[in-house]
file start18.txt (compact mmCIF, N, CA and C atoms)
# COMPACT_ATOMS: atom_id res chain seq x y z
N MET I 135 71.66 -195.31 54.00
CA MET I 135 71.55 -194.60 55.26
C MET I 135 72.45 -195.28 56.28
N VAL I 136 73.14 -194.51 57.07
CA VAL I 136 74.05 -195.04 58.08
C VAL I 136 73.29 -195.30 59.37
N THR I 137 73.43 -196.51 59.89
CA THR I 137 72.84 -196.85 61.17
C THR I 137 73.85 -196.57 62.25
N LEU I 138 73.47 -195.75 63.20
CA LEU I 138 74.43 -195.30 64.22
C LEU I 138 74.34 -196.07 65.53
N SER I 139 73.35 -196.94 65.68
CA SER I 139 73.25 -197.67 66.94
C SER I 139 74.06 -198.96 66.88
N ARG I 140 74.50 -199.39 68.05
CA ARG I 140 75.26 -200.64 68.17
C ARG I 140 74.76 -201.39 69.38
N PRO I 141 74.56 -202.69 69.27
CA PRO I 141 74.04 -203.46 70.40
C PRO I 141 74.91 -203.39 71.64
N GLU I 142 76.24 -203.29 71.48
CA GLU I 142 77.11 -203.30 72.66
C GLU I 142 77.10 -201.99 73.43
N MET I 143 76.48 -200.94 72.87
CA MET I 143 76.38 -199.68 73.60
C MET I 143 75.26 -199.80 74.63
N THR I 144 75.60 -199.60 75.87
CA THR I 144 74.62 -199.73 76.92
C THR I 144 74.49 -198.42 77.67
N VAL I 145 73.40 -198.31 78.43
CA VAL I 145 73.22 -197.12 79.25
C VAL I 145 74.37 -197.07 80.25
N GLY I 146 74.97 -195.91 80.37
CA GLY I 146 76.09 -195.76 81.28
C GLY I 146 77.44 -195.90 80.61
N ALA I 147 77.45 -196.41 79.37
CA ALA I 147 78.73 -196.51 78.65
C ALA I 147 79.21 -195.11 78.31
N MET I 148 80.51 -194.89 78.45
CA MET I 148 81.09 -193.59 78.12
C MET I 148 81.09 -193.41 76.61
N SER I 149 80.66 -192.25 76.17
CA SER I 149 80.65 -191.96 74.74
C SER I 149 80.87 -190.47 74.55
N ASP I 150 81.26 -190.10 73.35
CA ASP I 150 81.49 -188.71 72.99
C ASP I 150 80.67 -188.37 71.76
N THR I 151 80.41 -187.09 71.58
CA THR I 151 79.75 -186.61 70.37
C THR I 151 80.82 -186.07 69.45
N PHE I 152 80.95 -186.69 68.29
CA PHE I 152 81.94 -186.32 67.30
C PHE I 152 81.27 -185.50 66.21
N GLU I 153 82.01 -184.50 65.69
CA GLU I 153 81.53 -183.71 64.56
C GLU I 153 82.15 -184.31 63.30
N ILE I 154 81.31 -184.62 62.33
CA ILE I 154 81.77 -185.17 61.06
C ILE I 154 81.39 -184.16 59.97
N PHE I 155 82.39 -183.62 59.29
CA PHE I 155 82.15 -182.71 58.18
C PHE I 155 82.31 -183.49 56.89
N VAL I 156 81.29 -183.44 56.04
CA VAL I 156 81.29 -184.21 54.80
C VAL I 156 81.48 -183.26 53.62
N ASP I 157 82.50 -183.53 52.82
CA ASP I 157 82.73 -182.80 51.57
C ASP I 157 81.83 -183.45 50.52
N ASP I 158 80.77 -182.77 50.16
CA ASP I 158 79.77 -183.27 49.21
C ASP I 158 79.83 -182.40 47.97
N ASP I 159 80.02 -183.00 46.80
CA ASP I 159 80.19 -182.20 45.58
C ASP I 159 78.94 -181.44 45.16
N ARG I 160 77.83 -181.66 45.84
CA ARG I 160 76.60 -180.93 45.51
C ARG I 160 76.48 -179.61 46.26
N TYR I 161 77.36 -179.38 47.23
CA TYR I 161 77.26 -178.20 48.08
C TYR I 161 78.58 -177.43 48.11
N ALA I 162 78.50 -176.14 48.33
CA ALA I 162 79.69 -175.29 48.36
C ALA I 162 80.46 -175.41 49.67
N VAL I 163 79.79 -175.81 50.73
CA VAL I 163 80.44 -175.95 52.04
C VAL I 163 80.18 -177.35 52.58
N PRO I 164 81.06 -177.86 53.44
CA PRO I 164 80.85 -179.19 54.02
C PRO I 164 79.57 -179.24 54.86
N THR I 165 78.94 -180.40 54.86
CA THR I 165 77.76 -180.61 55.70
C THR I 165 78.20 -181.22 57.03
N LEU I 166 77.51 -180.86 58.09
CA LEU I 166 77.85 -181.30 59.44
C LEU I 166 76.93 -182.43 59.87
N HIS I 167 77.54 -183.49 60.38
CA HIS I 167 76.82 -184.60 60.99
C HIS I 167 77.36 -184.75 62.40
N LEU I 168 76.49 -184.95 63.36
CA LEU I 168 76.90 -185.23 64.74
C LEU I 168 76.63 -186.70 65.02
N ILE I 169 77.64 -187.40 65.51
CA ILE I 169 77.46 -188.81 65.85
C ILE I 169 77.96 -189.06 67.26
N VAL I 170 77.36 -190.00 67.91
CA VAL I 170 77.78 -190.41 69.25
C VAL I 170 78.48 -191.76 69.09
N ALA I 171 79.71 -191.84 69.60
CA ALA I 171 80.49 -193.07 69.51
C ALA I 171 81.28 -193.26 70.79
N VAL I 172 81.62 -194.51 71.07
CA VAL I 172 82.34 -194.83 72.31
C VAL I 172 83.81 -194.41 72.25
N ASN I 173 84.36 -194.26 71.02
CA ASN I 173 85.75 -193.84 70.90
C ASN I 173 86.00 -193.33 69.48
N ALA I 174 87.20 -192.81 69.26
CA ALA I 174 87.54 -192.22 67.95
C ALA I 174 87.58 -193.27 66.85
N LEU I 175 87.98 -194.49 67.17
CA LEU I 175 88.02 -195.55 66.17
C LEU I 175 86.62 -195.85 65.65
N ARG I 176 85.66 -195.94 66.56
CA ARG I 176 84.27 -196.18 66.14
C ARG I 176 83.74 -194.99 65.35
N ALA I 177 84.10 -193.78 65.75
CA ALA I 177 83.67 -192.59 65.00
C ALA I 177 84.24 -192.63 63.58
N GLU I 178 85.49 -193.08 63.44
CA GLU I 178 86.08 -193.19 62.11
C GLU I 178 85.37 -194.24 61.26
N GLU I 179 84.97 -195.34 61.87
CA GLU I 179 84.20 -196.37 61.15
C GLU I 179 82.89 -195.78 60.61
N LEU I 180 82.20 -195.04 61.46
CA LEU I 180 80.93 -194.43 61.04
C LEU I 180 81.16 -193.36 59.98
N ALA I 181 82.24 -192.60 60.12
CA ALA I 181 82.56 -191.58 59.12
C ALA I 181 82.87 -192.22 57.77
N ARG I 182 83.58 -193.34 57.80
CA ARG I 182 83.88 -194.05 56.55
C ARG I 182 82.59 -194.53 55.89
N ARG I 183 81.63 -194.97 56.69
CA ARG I 183 80.33 -195.38 56.13
C ARG I 183 79.62 -194.20 55.47
N LEU I 184 79.71 -193.03 56.10
CA LEU I 184 79.14 -191.83 55.48
C LEU I 184 79.83 -191.53 54.16
N LEU I 185 81.15 -191.66 54.13
CA LEU I 185 81.91 -191.41 52.91
C LEU I 185 81.49 -192.37 51.80
N ASP I 186 81.31 -193.64 52.15
CA ASP I 186 80.95 -194.66 51.17
C ASP I 186 79.47 -194.65 50.81
N ASP I 187 78.67 -193.91 51.57
CA ASP I 187 77.22 -193.90 51.41
C ASP I 187 76.76 -193.28 50.09
N SER I 188 77.56 -192.40 49.52
CA SER I 188 77.15 -191.69 48.30
C SER I 188 78.37 -191.38 47.44
N PRO I 189 78.23 -191.49 46.13
CA PRO I 189 79.35 -191.09 45.26
C PRO I 189 79.60 -189.58 45.31
N HIS I 190 78.66 -188.83 45.86
CA HIS I 190 78.82 -187.38 46.00
C HIS I 190 79.70 -187.01 47.19
N HIS I 191 79.86 -187.94 48.13
CA HIS I 191 80.69 -187.69 49.31
C HIS I 191 82.15 -187.92 48.94
N LEU I 192 82.92 -186.84 48.94
CA LEU I 192 84.31 -186.90 48.50
C LEU I 192 85.30 -187.03 49.65
N GLY I 193 84.90 -186.60 50.83
CA GLY I 193 85.79 -186.67 51.98
C GLY I 193 85.02 -186.43 53.27
N VAL I 194 85.61 -186.84 54.37
CA VAL I 194 85.04 -186.58 55.70
C VAL I 194 86.16 -186.14 56.64
N GLU I 195 85.81 -185.25 57.54
CA GLU I 195 86.74 -184.80 58.58
C GLU I 195 86.09 -185.10 59.92
N ILE I 196 86.85 -185.70 60.81
CA ILE I 196 86.34 -186.11 62.12
C ILE I 196 86.94 -185.20 63.17
N CYS I 197 86.06 -184.58 63.97
CA CYS I 197 86.48 -183.67 65.03
C CYS I 197 85.82 -184.07 66.34
N LEU I 198 86.46 -183.71 67.42
CA LEU I 198 85.91 -183.90 68.77
C LEU I 198 86.13 -182.61 69.53
N ASP I 199 85.07 -182.04 70.01
CA ASP I 199 85.13 -180.77 70.74
C ASP I 199 85.81 -179.68 69.93
N GLY I 200 85.56 -179.68 68.62
CA GLY I 200 86.11 -178.65 67.75
C GLY I 200 87.54 -178.86 67.32
N ARG I 201 88.16 -179.95 67.74
CA ARG I 201 89.55 -180.25 67.36
C ARG I 201 89.57 -181.37 66.34
N ARG I 202 90.30 -181.15 65.26
CA ARG I 202 90.40 -182.14 64.18
C ARG I 202 91.15 -183.37 64.66
N LEU I 203 90.55 -184.55 64.44
CA LEU I 203 91.21 -185.81 64.76
C LEU I 203 91.86 -186.42 63.54
N THR I 204 91.09 -186.50 62.45
CA THR I 204 91.59 -187.10 61.22
C THR I 204 90.67 -186.75 60.06
N GLY I 205 91.12 -187.07 58.88
CA GLY I 205 90.30 -186.86 57.69
C GLY I 205 90.47 -188.01 56.72
N LEU I 206 89.46 -188.23 55.91
CA LEU I 206 89.48 -189.27 54.89
C LEU I 206 89.10 -188.64 53.56
N GLY I 207 89.55 -189.23 52.47
CA GLY I 207 89.21 -188.69 51.16
C GLY I 207 89.84 -187.33 50.96
N THR I 208 89.05 -186.37 50.49
CA THR I 208 89.59 -185.03 50.22
C THR I 208 90.07 -184.32 51.47
N PHE I 209 89.62 -184.75 52.63
CA PHE I 209 90.06 -184.14 53.89
C PHE I 209 91.31 -184.84 54.46
N ALA I 210 91.80 -185.86 53.80
CA ALA I 210 92.93 -186.62 54.34
C ALA I 210 94.19 -185.78 54.44
N THR I 211 94.37 -184.83 53.52
CA THR I 211 95.61 -184.05 53.51
C THR I 211 95.41 -182.63 54.00
N CYS I 212 94.24 -182.29 54.48
CA CYS I 212 93.99 -180.94 54.97
C CYS I 212 94.60 -180.79 56.35
N ARG I 213 95.39 -179.75 56.52
CA ARG I 213 96.01 -179.50 57.82
C ARG I 213 95.59 -178.14 58.33
N VAL I 214 95.31 -178.06 59.60
CA VAL I 214 94.93 -176.80 60.22
C VAL I 214 96.19 -176.02 60.54
N SER I 215 96.16 -174.73 60.24
CA SER I 215 97.33 -173.89 60.52
C SER I 215 97.45 -173.64 62.02
N SER I 216 98.56 -173.06 62.42
CA SER I 216 98.81 -172.83 63.84
C SER I 216 97.81 -171.90 64.49
N ASP I 217 97.16 -171.02 63.69
CA ASP I 217 96.15 -170.14 64.28
C ASP I 217 94.83 -170.87 64.50
N GLY I 218 94.72 -172.12 63.99
CA GLY I 218 93.53 -172.91 64.21
C GLY I 218 92.33 -172.47 63.40
N VAL I 219 92.51 -171.51 62.50
CA VAL I 219 91.39 -170.98 61.74
C VAL I 219 91.47 -171.38 60.29
N SER I 220 92.52 -170.97 59.61
CA SER I 220 92.63 -171.26 58.18
C SER I 220 93.33 -172.58 57.96
N GLY I 221 93.07 -173.21 56.82
CA GLY I 221 93.69 -174.48 56.51
C GLY I 221 94.44 -174.41 55.22
N GLU I 222 95.24 -175.41 54.97
CA GLU I 222 95.98 -175.47 53.73
C GLU I 222 96.01 -176.91 53.27
N GLN I 223 96.15 -177.13 51.99
CA GLN I 223 96.26 -178.45 51.43
C GLN I 223 97.73 -178.80 51.30
N SER I 224 98.10 -179.99 51.70
CA SER I 224 99.48 -180.42 51.55
C SER I 224 99.51 -181.91 51.27
N ALA I 225 100.60 -182.35 50.69
CA ALA I 225 100.75 -183.78 50.40
C ALA I 225 101.05 -184.52 51.70
N PRO I 226 100.62 -185.79 51.79
CA PRO I 226 100.91 -186.55 53.00
C PRO I 226 102.41 -186.72 53.19
N ASP I 227 102.82 -186.80 54.45
CA ASP I 227 104.25 -186.97 54.77
C ASP I 227 104.72 -188.37 54.45
call {"tool": "encode", "arguments": {"input": "start18.txt", "output": "structure tokens"}}
result
Amino acid sequence: MVTLSRPEMTVGAMSDTFEIFVDDDRYAVPTLHLIVAVNALRAEELARRLLDDSPHHLGVEICLDGRRLTGLGTFATCRVSSDGVSGEQSAPD
């Protein structure tokens, strides 16, 4: 289980709610996790923990306010098309 709290987070600290989509081989669609983190780097750390939490987790995609920030595992090479709706798989540059 991923622990999402951190001692250095204090009341009044600026934080964002990140959307984490997990590619889990047990399900046909990605599962959604919402996490609160002080920045995108911390959100990526927590997403990596989710990815490592189960051998069924194949990839994670990190979004903020509906915009893709990055992906790990199977989501590492997924790119959103210009219409922002459909995606395509491509090799890393």
call {"tool": "residues_around", "arguments": {"input": "start18.txt", "residues": "I:His167", "least_positions_apart": "3", "cutoff": "5 Å", "atoms": "all atoms listed in the file", "output": "list in words"}}
result
Glu153, Ile154 and Phe155 of chain I
call {"tool": "closest_residue", "arguments": {"input": "start18.txt", "among": "I:Arg160, I:Asp187, I:Val194, I:Thr204", "to": "I:Ala174", "atoms": "only C-alpha atoms"}}
result
I:Thr204
call {"tool": "residues_around", "arguments": {"input": "start18.txt", "residues": "I:Cys197", "least_positions_apart": "2", "cutoff": "6 Å", "atoms": "only C-alpha atoms", "output": "list in words"}}
result
Phe152, Glu153, Gly200, Arg201, Arg202 and Leu203 of chain I
call {"tool": "select_by_dssp", "arguments": {"input": "start18.txt", "residues": "stretch 160-204 of chain I", "states": "helix (DSSP H, G or I)", "output": "MDAnalysis selection string"}}
result
chainID I and resid 174:186
call {"tool": "atom_distance", "arguments": {"input": "start18.txt", "atom1": "atom CA of I:His191", "atom2": "atom N of I:Phe209"}}
result
10.0 Å
call {"tool": "atom_distance", "arguments": {"input": "start18.txt", "atom1": "atom CA of I:Met148", "atom2": "atom C of I:Glu195"}}
result
20.7 Å
call {"tool": "residues_around", "arguments": {"input": "start18.txt", "residues": "I:Asp158", "least_positions_apart": "6", "cutoff": "6.5 Å", "atoms": "all atoms listed in the file", "output": "VMD selection string"}}
result
chain I and resid 164 to 165 190 to 193
